[in-house]
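Structure first, then comments.
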Amino acid sequence: MIEGKSLTKRFGEIVALDKVDVQMKEGQVFGLLGTNGSGKSTMLRLLSGILMQDEGEILIDGQPVFDNPRAKRNFFYISDDQFFFANATPEDMAHYWQTQYAMFDQAGFFQLLDAFHLNRRRRINTFSKGMKKQLILFAAVAANTRYILCDESFDGLDPVVRQAVKSLFADRMAERGLTPIIASHSLRELEDICDTIGLLHNGKLLLSRDLVEMKQNVHKVQAAFAEPLQAVHFPQLNIISAKNSGRVITLVVRGDAQQIQDKILEYNPLFVELLPLTLEEVFISETEVVGYEFKTLTLQ
């Protein structure tokens with residue numbers, strides 16, 4: 001498990017992280033969500049030991065990470081701006097990664113390169129941005145570390161490659177308990193892979209919640225009535241949002257699903273059904289609880 005306790009990091013007068021407490025459990029995908037400048041990259045650089053916190057503590061499996069080679073062997077860090085040696089090929093980098101990670105699977109790495117038509121002997125500086133991201137993600141999987149720290153690593157990948165990488169993560173999680181930590185500004189990138197999501201805003205962690213738990217208390221309900229009804233007709237419900245289309249109303253409501261449905265049935269609907277929630281709708285609810293309007297966070 002990765003633990004951050006009262007993490008604070010300043011750059012001059014700028015407070016990049018402000019007393020952040022966070023836990024990232026083993027065998028789960030943790031999504032670190034936030035806009036540009038919210039503190040995501042600073043958080044990952046602290047977790048990877050590139051930066052040292054000004055206050056607080058970071059522990060990876062109970063060990064402090066800064067200036068601790070033993071702790072650093074447990075993770076593979078992918079920065080938003082990947083580094084490769086000048087004129088290096090994927091084959092050259094594989095030899096280097098083998099010296100850094102004792103369990104680096106070179107054969108498996110080359111298999112992934114071949115499967116996605118990345119030439120192992122071509123200079124990486126001739127690769128496109130998307131190809132470089134594929135390369136470093138495949139290296140992270142091949143390194144066989146306990147944790148992978150990804151900073152905007154899915155941004156710019158085409159949908160086929162993105163899904164393939166997510167499938168690789170899922171396979172390794174099942175096989176050896178891999179724990180990916182994925183920082184992104186996009187809800188869409190995290191929606192179908194994360195178990196837990198933390199929301200950073202202006203250096204503060206607004207919330208860190210299990211997605212299943214979040215969805216258990218928020219529900220989308222669609223109902224049709226003989227005469228059009230508005231949200232104000234349901235004062236007993238804790239309505240987050242409402243949308244009307246003729247005689248059909250769609251509500252996002254906080255509370256117990258059965259109780260919500262029972263209240264709507266009191267109005268004799270022609271039909272009523274529960275619909276799946278999007279991650280955005282869940283976050284609209286959660287950010288409201290902590291005193292923020294979701295739209296002001298301008299997440300995509």
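To be explicit about the labels: the chains of the structure tokens are called A, B, and onward in the order shown, and within each one the residues are counted from 1, while ligands get numbers from 1 in the order they are shown.
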
(message) Can you pull out the residues contacting Gly34 in chain A? Cut-off 6 Å, using only C-alpha atoms, and skip same-chain residues under 6 positions away; I want them as a VMD selection string.
(response) chain A and resid 185 199 to 200

Quick one: residues within 12 Å of range 160-164 of chain A, only C-alpha atoms, excluding same-chain residues fewer than 3 positions away - as an mmCIF file with C-alpha atoms, in the first residue's frame?
```cif
data_model
loop_
_atom_site.group_PDB
_atom_site.id
_atom_site.type_symbol
_atom_site.label_atom_id
_atom_site.label_comp_id
_atom_site.auth_asym_id
_atom_site.auth_seq_id
_atom_site.Cartn_x
_atom_site.Cartn_y
_atom_site.Cartn_z
ATOM 1 C CA LEU A 112 4.476 -6.510 -27.029
ATOM 2 C CA LEU A 113 6.542 -4.359 -29.389
ATOM 3 C CA ALA A 115 2.331 -7.170 -31.520
ATOM 4 C CA PHE A 116 1.921 -3.393 -31.913
ATOM 5 C CA HIS A 117 4.382 -3.065 -34.806
ATOM 6 C CA GLY A 130 1.805 8.060 -29.257
ATOM 7 C CA MET A 131 4.393 5.424 -30.154
ATOM 8 C CA LYS A 133 3.798 6.328 -24.882
ATOM 9 C CA GLN A 134 3.106 2.791 -26.051
ATOM 10 C CA LEU A 135 6.787 1.942 -25.650
ATOM 11 C CA LEU A 137 3.767 1.583 -21.044
ATOM 12 C CA PHE A 138 4.945 -1.780 -22.391
ATOM 13 C CA VAL A 141 4.322 -3.824 -17.689
ATOM 14 C CA GLU A 152 -1.269 11.356 -18.252
ATOM 15 C CA SER A 153 -0.008 8.142 -19.869
ATOM 16 C CA PHE A 154 -3.217 7.361 -21.767
ATOM 17 C CA ASP A 155 -3.571 10.853 -23.222
ATOM 18 C CA GLY A 156 -3.100 10.763 -26.998
ATOM 19 C CA LEU A 157 -3.329 6.973 -27.387
ATOM 20 C CA SER A 167 -6.328 -5.155 -20.521
ATOM 21 C CA LEU A 168 -2.619 -5.705 -19.817
ATOM 22 C CA PHE A 169 -2.994 -3.914 -16.497
ATOM 23 C CA ALA A 170 -6.024 -6.050 -15.620
ATOM 24 C CA ASP A 171 -4.163 -9.266 -16.478
ATOM 25 C CA ARG A 188 -13.373 9.437 -19.604
ATOM 26 C CA GLU A 189 -9.900 7.934 -19.388
ATOM 27 C CA LEU A 190 -10.499 6.695 -15.852
ATOM 28 C CA ASP A 192 -13.765 2.091 -17.133
ATOM 29 C CA ILE A 193 -10.596 1.111 -15.269
#
```

(request) Calculate how many Å separate CA of Ala102 in chain A from CA of Leu32 in chain A, rounding to one decimal. (result) 28.1 Å

At a cut-off of 8 Å, using only C-alpha atoms, what residues contact Ile78 in chain A? Leave out same-chain residues fewer than 6 positions from it and give the result as a PDB file with N, CA and C atoms, in the first residue's frame.
```pdb
ATOM      1  N   ILE A 136       6.783   3.101 -23.511  1.00  0.00           N
ATOM      2  CA  ILE A 136       7.061   3.213 -22.085  1.00  0.00           C
ATOM      3  C   ILE A 136       6.019   2.435 -21.265  1.00  0.00           C
ATOM      4  N   LEU A 137       4.789   2.365 -21.741  1.00  0.00           N
ATOM      5  CA  LEU A 137       3.767   1.583 -21.044  1.00  0.00           C
ATOM      6  C   LEU A 137       4.087   0.090 -21.112  1.00  0.00           C
ATOM      7  N   ALA A 140       6.803  -0.581 -18.678  1.00  0.00           N
ATOM      8  CA  ALA A 140       6.297  -0.596 -17.308  1.00  0.00           C
ATOM      9  C   ALA A 140       5.676  -1.949 -16.973  1.00  0.00           C
ATOM     10  N   ILE A 148       2.792   0.803 -10.720  1.00  0.00           N
ATOM     11  CA  ILE A 148       3.112   1.621 -11.895  1.00  0.00           C
ATOM     12  C   ILE A 148       2.487   2.990 -11.664  1.00  0.00           C
ATOM     13  N   LEU A 149       3.302   4.040 -11.759  1.00  0.00           N
ATOM     14  CA  LEU A 149       2.829   5.414 -11.595  1.00  0.00           C
ATOM     15  C   LEU A 149       2.763   6.062 -12.968  1.00  0.00           C
ATOM     16  N   CYS A 150       1.570   6.408 -13.404  1.00  0.00           N
ATOM     17  CA  CYS A 150       1.349   6.903 -14.765  1.00  0.00           C
ATOM     18  C   CYS A 150       0.861   8.350 -14.730  1.00  0.00           C
ATOM     19  N   ASP A 151       1.607   9.248 -15.358  1.00  0.00           N
ATOM     20  CA  ASP A 151       1.224  10.660 -15.422  1.00  0.00           C
ATOM     21  C   ASP A 151       0.714  10.976 -16.821  1.00  0.00           C
ATOM     22  N   SER A 153      -0.600   9.114 -18.949  1.00  0.00           N
ATOM     23  CA  SER A 153      -0.008   8.142 -19.869  1.00  0.00           C
ATOM     24  C   SER A 153      -0.952   7.668 -20.963  1.00  0.00           C
TER      25      SER A 153
END
```

(request) Can you pull out every residue within 8 Å of range 201-207 of chain A, counting only C-alpha atoms, but drop anything in the same chain fewer than 3 positions away, and send it as an NGL selection string? (result) :A and (15-21 or 34-35 or 37-39 or 198 or 286-287 or 290 or 297)

(message) Neighbouring residues of Pro228 in chain A were defined as those with any atom within 9 Å, considering only C-alpha atoms; residues of the same chain fewer than 4 positions away were excluded. Please report them as JSON, numbers by chain.
(response) {"A": [224, 244, 245, 246, 247, 248, 249]}

Please write the residues from the selection above to a file, keeping N, CA and C atoms, as a PDB file, in the first residue's frame.
```
ATOM      1  N   ALA A 224     -41.929   8.072 -16.688  1.00  0.00           N
ATOM      2  CA  ALA A 224     -42.888   8.753 -17.569  1.00  0.00           C
ATOM      3  C   ALA A 224     -44.236   8.839 -16.857  1.00  0.00           C
ATOM      4  N   ASN A 244     -36.036  17.084 -18.358  1.00  0.00           N
ATOM      5  CA  ASN A 244     -37.358  16.738 -18.874  1.00  0.00           C
ATOM      6  C   ASN A 244     -37.331  16.596 -20.382  1.00  0.00           C
ATOM      7  N   SER A 245     -38.076  15.607 -20.860  1.00  0.00           N
ATOM      8  CA  SER A 245     -38.288  15.433 -22.300  1.00  0.00           C
ATOM      9  C   SER A 245     -39.737  15.008 -22.488  1.00  0.00           C
ATOM     10  N   GLY A 246     -40.607  15.994 -22.705  1.00  0.00           N
ATOM     11  CA  GLY A 246     -42.028  15.705 -22.789  1.00  0.00           C
ATOM     12  C   GLY A 246     -42.544  15.200 -21.457  1.00  0.00           C
ATOM     13  N   ARG A 247     -43.148  14.023 -21.483  1.00  0.00           N
ATOM     14  CA  ARG A 247     -43.702  13.446 -20.254  1.00  0.00           C
ATOM     15  C   ARG A 247     -42.696  12.581 -19.494  1.00  0.00           C
ATOM     16  N   VAL A 248     -41.476  12.520 -20.009  1.00  0.00           N
ATOM     17  CA  VAL A 248     -40.431  11.709 -19.377  1.00  0.00           C
ATOM     18  C   VAL A 248     -39.488  12.616 -18.589  1.00  0.00           C
ATOM     19  N   ILE A 249     -39.201  12.235 -17.361  1.00  0.00           N
ATOM     20  CA  ILE A 249     -38.244  12.979 -16.541  1.00  0.00           C
ATOM     21  C   ILE A 249     -37.125  12.029 -16.110  1.00  0.00           C
TER      22      ILE A 249
END
```

(request) List the neighbours of Val282 in chain A out to 12 Å using only C-alpha atoms; skip same-chain residues closer than 6 positions along the sequence, and give me the result as a ChimeraX atom specification. (result) /A:187,191,197,209-220,240-241,252-254,276,288-289,294

How about saving the chosen residues, C-alpha atoms kept, as an mmCIF file, in the first residue's frame?
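part_35.cif, freshly written:
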```cif
data_model
loop_
_atom_site.group_PDB
_atom_site.id
_atom_site.type_symbol
_atom_site.label_atom_id
_atom_site.label_comp_id
_atom_site.auth_asym_id
_atom_site.auth_seq_id
_atom_site.Cartn_x
_atom_site.Cartn_y
_atom_site.Cartn_z
ATOM 1 C CA LEU A 187 -12.843 11.451 -16.431
ATOM 2 C CA GLU A 191 -14.149 5.688 -15.934
ATOM 3 C CA ILE A 197 -10.542 7.916 -7.553
ATOM 4 C CA ARG A 209 -13.529 7.323 -2.632
ATOM 5 C CA ASP A 210 -14.198 3.795 -3.826
ATOM 6 C CA LEU A 211 -16.262 4.020 -7.023
ATOM 7 C CA VAL A 212 -18.626 1.228 -6.014
ATOM 8 C CA GLU A 213 -19.353 2.958 -2.706
ATOM 9 C CA MET A 214 -19.889 6.258 -4.484
ATOM 10 C CA LYS A 215 -22.391 4.742 -6.885
ATOM 11 C CA GLN A 216 -24.327 2.957 -4.152
ATOM 12 C CA ASN A 217 -25.642 6.265 -2.811
ATOM 13 C CA VAL A 218 -26.423 8.002 -6.107
ATOM 14 C CA HIS A 219 -28.942 6.761 -8.661
ATOM 15 C CA LYS A 220 -30.336 7.780 -12.021
ATOM 16 C CA ILE A 240 -28.996 16.445 -7.787
ATOM 17 C CA SER A 241 -30.098 17.062 -11.367
ATOM 18 C CA VAL A 252 -30.127 11.887 -10.564
ATOM 19 C CA VAL A 253 -30.963 11.392 -6.895
ATOM 20 C CA ARG A 254 -28.956 10.782 -3.730
ATOM 21 C CA PRO A 276 -26.557 3.262 -15.125
ATOM 22 C CA GLU A 288 -21.433 19.085 -4.193
ATOM 23 C CA VAL A 289 -21.048 17.354 -0.817
ATOM 24 C CA PHE A 294 -18.381 20.295 -10.529
#
```

DSSP strand (DSSP E) residues within range 3-233 of chain A, listed as a PDB file with N, CA and C atoms, in the first residue's frame:
```pdb
ATOM      1  N   GLU A   3       0.982   5.185   1.102  1.00  0.00           N
ATOM      2  CA  GLU A   3       0.331   6.120   2.019  1.00  0.00           C
ATOM      3  C   GLU A   3       1.011   7.485   1.956  1.00  0.00           C
ATOM      4  N   GLY A   4       0.204   8.510   1.841  1.00  0.00           N
ATOM      5  CA  GLY A   4       0.685   9.881   1.966  1.00  0.00           C
ATOM      6  C   GLY A   4       0.018  10.520   3.166  1.00  0.00           C
ATOM      7  N   LYS A   5       0.814  11.087   4.062  1.00  0.00           N
ATOM      8  CA  LYS A   5       0.275  11.666   5.288  1.00  0.00           C
ATOM      9  C   LYS A   5       0.666  13.139   5.379  1.00  0.00           C
ATOM     10  N   SER A   6      -0.348  14.000   5.346  1.00  0.00           N
ATOM     11  CA  SER A   6      -0.152  15.456   5.467  1.00  0.00           C
ATOM     12  C   SER A   6       0.889  15.971   4.468  1.00  0.00           C
ATOM     13  N   LEU A   7       0.848  15.472   3.240  1.00  0.00           N
ATOM     14  CA  LEU A   7       1.848  15.845   2.237  1.00  0.00           C
ATOM     15  C   LEU A   7       1.715  17.314   1.843  1.00  0.00           C
ATOM     16  N   THR A   8       2.817  18.023   1.966  1.00  0.00           N
ATOM     17  CA  THR A   8       2.862  19.426   1.566  1.00  0.00           C
ATOM     18  C   THR A   8       4.123  19.652   0.742  1.00  0.00           C
ATOM     19  N   LYS A   9       3.950  20.329  -0.400  1.00  0.00           N
ATOM     20  CA  LYS A   9       5.090  20.668  -1.251  1.00  0.00           C
ATOM     21  C   LYS A   9       4.917  22.083  -1.774  1.00  0.00           C
ATOM     22  N   ARG A  10       5.964  22.902  -1.557  1.00  0.00           N
ATOM     23  CA  ARG A  10       5.941  24.294  -2.007  1.00  0.00           C
ATOM     24  C   ARG A  10       7.036  24.521  -3.037  1.00  0.00           C
ATOM     25  N   PHE A  11       6.751  25.391  -3.982  1.00  0.00           N
ATOM     26  CA  PHE A  11       7.746  25.893  -4.920  1.00  0.00           C
ATOM     27  C   PHE A  11       7.746  27.411  -4.774  1.00  0.00           C
ATOM     28  N   ILE A  14       4.361  29.237  -4.163  1.00  0.00           N
ATOM     29  CA  ILE A  14       3.286  28.382  -4.677  1.00  0.00           C
ATOM     30  C   ILE A  14       3.195  27.113  -3.837  1.00  0.00           C
ATOM     31  N   VAL A  15       2.002  26.839  -3.341  1.00  0.00           N
ATOM     32  CA  VAL A  15       1.754  25.606  -2.590  1.00  0.00           C
ATOM     33  C   VAL A  15       1.146  24.594  -3.568  1.00  0.00           C
ATOM     34  N   ALA A  16       1.986  23.668  -4.030  1.00  0.00           N
ATOM     35  CA  ALA A  16       1.528  22.694  -5.023  1.00  0.00           C
ATOM     36  C   ALA A  16       0.656  21.613  -4.398  1.00  0.00           C
ATOM     37  N   LEU A  17       1.009  21.184  -3.180  1.00  0.00           N
ATOM     38  CA  LEU A  17       0.202  20.240  -2.418  1.00  0.00           C
ATOM     39  C   LEU A  17       0.079  20.762  -0.991  1.00  0.00           C
ATOM     40  N   ASP A  18      -1.122  20.660  -0.443  1.00  0.00           N
ATOM     41  CA  ASP A  18      -1.391  21.271   0.856  1.00  0.00           C
ATOM     42  C   ASP A  18      -2.010  20.256   1.815  1.00  0.00           C
ATOM     43  N   LYS A  19      -1.143  19.622   2.636  1.00  0.00           N
ATOM     44  CA  LYS A  19      -1.580  18.691   3.693  1.00  0.00           C
ATOM     45  C   LYS A  19      -2.509  17.601   3.149  1.00  0.00           C
ATOM     46  N   VAL A  20      -2.028  16.897   2.144  1.00  0.00           N
ATOM     47  CA  VAL A  20      -2.815  15.849   1.494  1.00  0.00           C
ATOM     48  C   VAL A  20      -2.630  14.524   2.219  1.00  0.00           C
ATOM     49  N   ASP A  21      -3.734  13.883   2.575  1.00  0.00           N
ATOM     50  CA  ASP A  21      -3.741  12.526   3.128  1.00  0.00           C
ATOM     51  C   ASP A  21      -4.380  11.598   2.097  1.00  0.00           C
ATOM     52  N   VAL A  22      -3.664  10.523   1.742  1.00  0.00           N
ATOM     53  CA  VAL A  22      -4.201   9.616   0.725  1.00  0.00           C
ATOM     54  C   VAL A  22      -3.676   8.208   0.968  1.00  0.00           C
ATOM     55  N   GLN A  23      -4.504   7.230   0.646  1.00  0.00           N
ATOM     56  CA  GLN A  23      -4.118   5.825   0.681  1.00  0.00           C
ATOM     57  C   GLN A  23      -4.437   5.186  -0.660  1.00  0.00           C
ATOM     58  N   MET A  24      -3.477   4.416  -1.177  1.00  0.00           N
ATOM     59  CA  MET A  24      -3.641   3.708  -2.442  1.00  0.00           C
ATOM     60  C   MET A  24      -3.430   2.230  -2.170  1.00  0.00           C
ATOM     61  N   PHE A  30      -5.900   3.071  -8.849  1.00  0.00           N
ATOM     62  CA  PHE A  30      -6.207   4.362  -8.227  1.00  0.00           C
ATOM     63  C   PHE A  30      -6.094   5.446  -9.295  1.00  0.00           C
ATOM     64  N   GLY A  31      -7.170   6.188  -9.506  1.00  0.00           N
ATOM     65  CA  GLY A  31      -7.173   7.291 -10.456  1.00  0.00           C
ATOM     66  C   GLY A  31      -7.009   8.613  -9.734  1.00  0.00           C
ATOM     67  N   LEU A  32      -6.014   9.382 -10.145  1.00  0.00           N
ATOM     68  CA  LEU A  32      -5.761  10.697  -9.550  1.00  0.00           C
ATOM     69  C   LEU A  32      -6.243  11.735 -10.554  1.00  0.00           C
ATOM     70  N   LEU A  33      -7.358  12.351 -10.245  1.00  0.00           N
ATOM     71  CA  LEU A  33      -8.055  13.217 -11.189  1.00  0.00           C
ATOM     72  C   LEU A  33      -7.884  14.682 -10.813  1.00  0.00           C
ATOM     73  N   GLU A  55       6.680  18.846   4.006  1.00  0.00           N
ATOM     74  CA  GLU A  55       6.073  18.379   5.252  1.00  0.00           C
ATOM     75  C   GLU A  55       5.365  17.063   4.970  1.00  0.00           C
ATOM     76  N   GLY A  56       5.154  16.275   6.018  1.00  0.00           N
ATOM     77  CA  GLY A  56       4.411  15.034   5.872  1.00  0.00           C
ATOM     78  C   GLY A  56       5.304  13.843   5.600  1.00  0.00           C
ATOM     79  N   GLU A  57       4.669  12.740   5.192  1.00  0.00           N
ATOM     80  CA  GLU A  57       5.370  11.467   5.041  1.00  0.00           C
ATOM     81  C   GLU A  57       4.784  10.678   3.882  1.00  0.00           C
ATOM     82  N   ILE A  58       5.649   9.962   3.144  1.00  0.00           N
ATOM     83  CA  ILE A  58       5.225   9.037   2.094  1.00  0.00           C
ATOM     84  C   ILE A  58       5.808   7.669   2.413  1.00  0.00           C
ATOM     85  N   LEU A  59       4.957   6.645   2.399  1.00  0.00           N
ATOM     86  CA  LEU A  59       5.400   5.284   2.653  1.00  0.00           C
ATOM     87  C   LEU A  59       4.918   4.371   1.529  1.00  0.00           C
ATOM     88  N   ILE A  60       5.821   3.569   0.978  1.00  0.00           N
ATOM     89  CA  ILE A  60       5.464   2.520   0.029  1.00  0.00           C
ATOM     90  C   ILE A  60       5.744   1.190   0.708  1.00  0.00           C
ATOM     91  N   GLN A  63       7.760   1.686   3.792  1.00  0.00           N
ATOM     92  CA  GLN A  63       9.092   2.274   3.703  1.00  0.00           C
ATOM     93  C   GLN A  63       9.031   3.698   3.166  1.00  0.00           C
ATOM     94  N   PRO A  64       9.810   4.622   3.718  1.00  0.00           N
ATOM     95  CA  PRO A  64       9.922   5.952   3.103  1.00  0.00           C
ATOM     96  C   PRO A  64      10.578   5.808   1.731  1.00  0.00           C
ATOM     97  N   PHE A  75       8.384   0.219  -7.918  1.00  0.00           N
ATOM     98  CA  PHE A  75       7.493   0.904  -8.862  1.00  0.00           C
ATOM     99  C   PHE A  75       8.226   1.309 -10.135  1.00  0.00           C
ATOM    100  N   PHE A  76       7.433   1.509 -11.178  1.00  0.00           N
ATOM    101  CA  PHE A  76       7.914   2.036 -12.452  1.00  0.00           C
ATOM    102  C   PHE A  76       7.159   3.338 -12.677  1.00  0.00           C
ATOM    103  N   TYR A  77       7.903   4.429 -12.810  1.00  0.00           N
ATOM    104  CA  TYR A  77       7.294   5.759 -12.942  1.00  0.00           C
ATOM    105  C   TYR A  77       7.328   6.197 -14.399  1.00  0.00           C
ATOM    106  N   ILE A  78       6.167   6.592 -14.917  1.00  0.00           N
ATOM    107  CA  ILE A  78       6.048   7.105 -16.286  1.00  0.00           C
ATOM    108  C   ILE A  78       5.662   8.572 -16.201  1.00  0.00           C
ATOM    109  N   TYR A 147       4.057  -1.608  -8.384  1.00  0.00           N
ATOM    110  CA  TYR A 147       3.275  -0.417  -8.679  1.00  0.00           C
ATOM    111  C   TYR A 147       3.741   0.199 -10.000  1.00  0.00           C
ATOM    112  N   ILE A 148       2.792   0.803 -10.720  1.00  0.00           N
ATOM    113  CA  ILE A 148       3.112   1.621 -11.895  1.00  0.00           C
ATOM    114  C   ILE A 148       2.487   2.990 -11.664  1.00  0.00           C
ATOM    115  N   LEU A 149       3.302   4.040 -11.759  1.00  0.00           N
ATOM    116  CA  LEU A 149       2.829   5.414 -11.595  1.00  0.00           C
ATOM    117  C   LEU A 149       2.763   6.062 -12.968  1.00  0.00           C
ATOM    118  N   CYS A 150       1.570   6.408 -13.404  1.00  0.00           N
ATOM    119  CA  CYS A 150       1.349   6.903 -14.765  1.00  0.00           C
ATOM    120  C   CYS A 150       0.861   8.350 -14.730  1.00  0.00           C
ATOM    121  N   ASP A 151       1.607   9.248 -15.358  1.00  0.00           N
ATOM    122  CA  ASP A 151       1.224  10.660 -15.422  1.00  0.00           C
ATOM    123  C   ASP A 151       0.714  10.976 -16.821  1.00  0.00           C
ATOM    124  N   THR A 179      -0.512  -2.812  -8.898  1.00  0.00           N
ATOM    125  CA  THR A 179      -1.305  -1.651  -8.501  1.00  0.00           C
ATOM    126  C   THR A 179      -0.941  -0.454  -9.386  1.00  0.00           C
ATOM    127  N   PRO A 180      -1.781  -0.110 -10.368  1.00  0.00           N
ATOM    128  CA  PRO A 180      -1.523   1.076 -11.176  1.00  0.00           C
ATOM    129  C   PRO A 180      -2.108   2.329 -10.518  1.00  0.00           C
ATOM    130  N   ILE A 181      -1.341   3.416 -10.539  1.00  0.00           N
ATOM    131  CA  ILE A 181      -1.819   4.737 -10.121  1.00  0.00           C
ATOM    132  C   ILE A 181      -1.786   5.605 -11.362  1.00  0.00           C
ATOM    133  N   ILE A 182      -2.944   6.102 -11.790  1.00  0.00           N
ATOM    134  CA  ILE A 182      -3.063   6.795 -13.068  1.00  0.00           C
ATOM    135  C   ILE A 182      -3.545   8.219 -12.827  1.00  0.00           C
ATOM    136  N   ALA A 183      -2.718   9.202 -13.170  1.00  0.00           N
ATOM    137  CA  ALA A 183      -3.103  10.613 -13.059  1.00  0.00           C
ATOM    138  C   ALA A 183      -3.634  11.080 -14.405  1.00  0.00           C
ATOM    139  N   SER A 184      -4.755  11.768 -14.375  1.00  0.00           N
ATOM    140  CA  SER A 184      -5.357  12.249 -15.624  1.00  0.00           C
ATOM    141  C   SER A 184      -6.245  13.459 -15.348  1.00  0.00           C
ATOM    142  N   THR A 196     -10.745   3.153  -7.372  1.00  0.00           N
ATOM    143  CA  THR A 196     -10.810   4.289  -6.453  1.00  0.00           C
ATOM    144  C   THR A 196     -10.329   5.529  -7.196  1.00  0.00           C
ATOM    145  N   ILE A 197     -10.960   6.665  -6.915  1.00  0.00           N
ATOM    146  CA  ILE A 197     -10.542   7.916  -7.553  1.00  0.00           C
ATOM    147  C   ILE A 197     -10.376   8.995  -6.489  1.00  0.00           C
ATOM    148  N   GLY A 198      -9.239   9.703  -6.575  1.00  0.00           N
ATOM    149  CA  GLY A 198      -9.000  10.872  -5.746  1.00  0.00           C
ATOM    150  C   GLY A 198      -9.069  12.115  -6.612  1.00  0.00           C
ATOM    151  N   LEU A 199      -9.735  13.141  -6.113  1.00  0.00           N
ATOM    152  CA  LEU A 199      -9.911  14.385  -6.864  1.00  0.00           C
ATOM    153  C   LEU A 199      -9.070  15.491  -6.246  1.00  0.00           C
ATOM    154  N   LEU A 200      -8.076  15.963  -6.997  1.00  0.00           N
ATOM    155  CA  LEU A 200      -7.207  17.056  -6.563  1.00  0.00           C
ATOM    156  C   LEU A 200      -7.681  18.371  -7.164  1.00  0.00           C
ATOM    157  N   HIS A 201      -7.638  19.424  -6.347  1.00  0.00           N
ATOM    158  CA  HIS A 201      -7.998  20.757  -6.841  1.00  0.00           C
ATOM    159  C   HIS A 201      -7.210  21.785  -6.039  1.00  0.00           C
ATOM    160  N   LYS A 204      -5.247  20.516  -3.035  1.00  0.00           N
ATOM    161  CA  LYS A 204      -5.975  19.843  -1.960  1.00  0.00           C
ATOM    162  C   LYS A 204      -6.705  18.618  -2.514  1.00  0.00           C
ATOM    163  N   LEU A 205      -6.758  17.572  -1.724  1.00  0.00           N
ATOM    164  CA  LEU A 205      -7.508  16.383  -2.107  1.00  0.00           C
ATOM    165  C   LEU A 205      -8.947  16.561  -1.634  1.00  0.00           C
ATOM    166  N   LEU A 206      -9.844  16.852  -2.588  1.00  0.00           N
ATOM    167  CA  LEU A 206     -11.236  17.119  -2.226  1.00  0.00           C
ATOM    168  C   LEU A 206     -11.937  15.854  -1.758  1.00  0.00           C
ATOM    169  N   LEU A 207     -11.612  14.738  -2.391  1.00  0.00           N
ATOM    170  CA  LEU A 207     -12.213  13.477  -1.984  1.00  0.00           C
ATOM    171  C   LEU A 207     -11.372  12.327  -2.524  1.00  0.00           C
ATOM    172  N   SER A 208     -11.457  11.188  -1.863  1.00  0.00           N
ATOM    173  CA  SER A 208     -10.835   9.946  -2.316  1.00  0.00           C
ATOM    174  C   SER A 208     -11.784   8.832  -1.927  1.00  0.00           C
ATOM    175  N   ARG A 209     -12.456   8.259  -2.932  1.00  0.00           N
ATOM    176  CA  ARG A 209     -13.529   7.323  -2.632  1.00  0.00           C
ATOM    177  C   ARG A 209     -13.492   6.114  -3.555  1.00  0.00           C
ATOM    178  N   ASP A 210     -13.978   4.996  -3.042  1.00  0.00           N
ATOM    179  CA  ASP A 210     -14.198   3.795  -3.826  1.00  0.00           C
ATOM    180  C   ASP A 210     -15.385   4.045  -4.761  1.00  0.00           C
ATOM    181  N   VAL A 218     -25.910   7.091  -5.090  1.00  0.00           N
ATOM    182  CA  VAL A 218     -26.423   8.002  -6.107  1.00  0.00           C
ATOM    183  C   VAL A 218     -27.031   7.171  -7.230  1.00  0.00           C
ATOM    184  N   HIS A 219     -28.225   7.574  -7.686  1.00  0.00           N
ATOM    185  CA  HIS A 219     -28.942   6.761  -8.661  1.00  0.00           C
ATOM    186  C   HIS A 219     -29.586   7.644  -9.728  1.00  0.00           C
ATOM    187  N   LYS A 220     -29.624   7.102 -10.937  1.00  0.00           N
ATOM    188  CA  LYS A 220     -30.336   7.780 -12.021  1.00  0.00           C
ATOM    189  C   LYS A 220     -31.654   7.039 -12.258  1.00  0.00           C
ATOM    190  N   VAL A 221     -32.743   7.806 -12.271  1.00  0.00           N
ATOM    191  CA  VAL A 221     -34.074   7.223 -12.434  1.00  0.00           C
ATOM    192  C   VAL A 221     -34.779   7.923 -13.588  1.00  0.00           C
ATOM    193  N   GLN A 222     -35.391   7.128 -14.456  1.00  0.00           N
ATOM    194  CA  GLN A 222     -36.188   7.687 -15.545  1.00  0.00           C
ATOM    195  C   GLN A 222     -37.630   7.228 -15.375  1.00  0.00           C
ATOM    196  N   ALA A 223     -38.538   8.178 -15.501  1.00  0.00           N
ATOM    197  CA  ALA A 223     -39.957   7.849 -15.319  1.00  0.00           C
ATOM    198  C   ALA A 223     -40.803   8.651 -16.301  1.00  0.00           C
ATOM    199  N   ALA A 224     -41.929   8.072 -16.688  1.00  0.00           N
ATOM    200  CA  ALA A 224     -42.888   8.753 -17.569  1.00  0.00           C
ATOM    201  C   ALA A 224     -44.236   8.839 -16.857  1.00  0.00           C
TER     202      ALA A 224
END
```

(request) Measuring atom to atom with only C-alpha atoms, identify which of A:Ala71, A:Ala142, A:Ala88, A:Ala242 is nearest to Met103 in chain A. (result)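 Answer, going by the shortest atom-to-atom distance: A:Ala142.
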
(request) Would you mind listing what lies within 10 Å of Thr89 in chain A as a PyMOL selection string, with only C-alpha atoms counted and same-chain residues fewer than 6 positions away left out? (result) chain A and resi 119-127

(request) Check the DSSP output for the backbone and give back, as a PyMOL selection string, the residues of range 38-279 of chain A in alpha helix (DSSP H). (result) chain A and resi 40-47+69-72+90-100+106-115+129-142+159-176+187-190+211-216+257-265+279

(request) Provide the CA of Arg172 in chain A to CA of Gly27 in chain A distance in Å, to one decimal place. (result)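 Between CA of Arg172 in chain A and CA of Gly27 in chain A the gap works out to 9.4 Å.
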
(request) Return the single residue from A:Asn87, A:Thr145, A:Gln98, A:Ser285 that is closest to Asn74 in chain A, with distances computed using only C-alpha atoms. (result)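 Of all the options, A:Thr145 lies closest to Asn74 in chain A.
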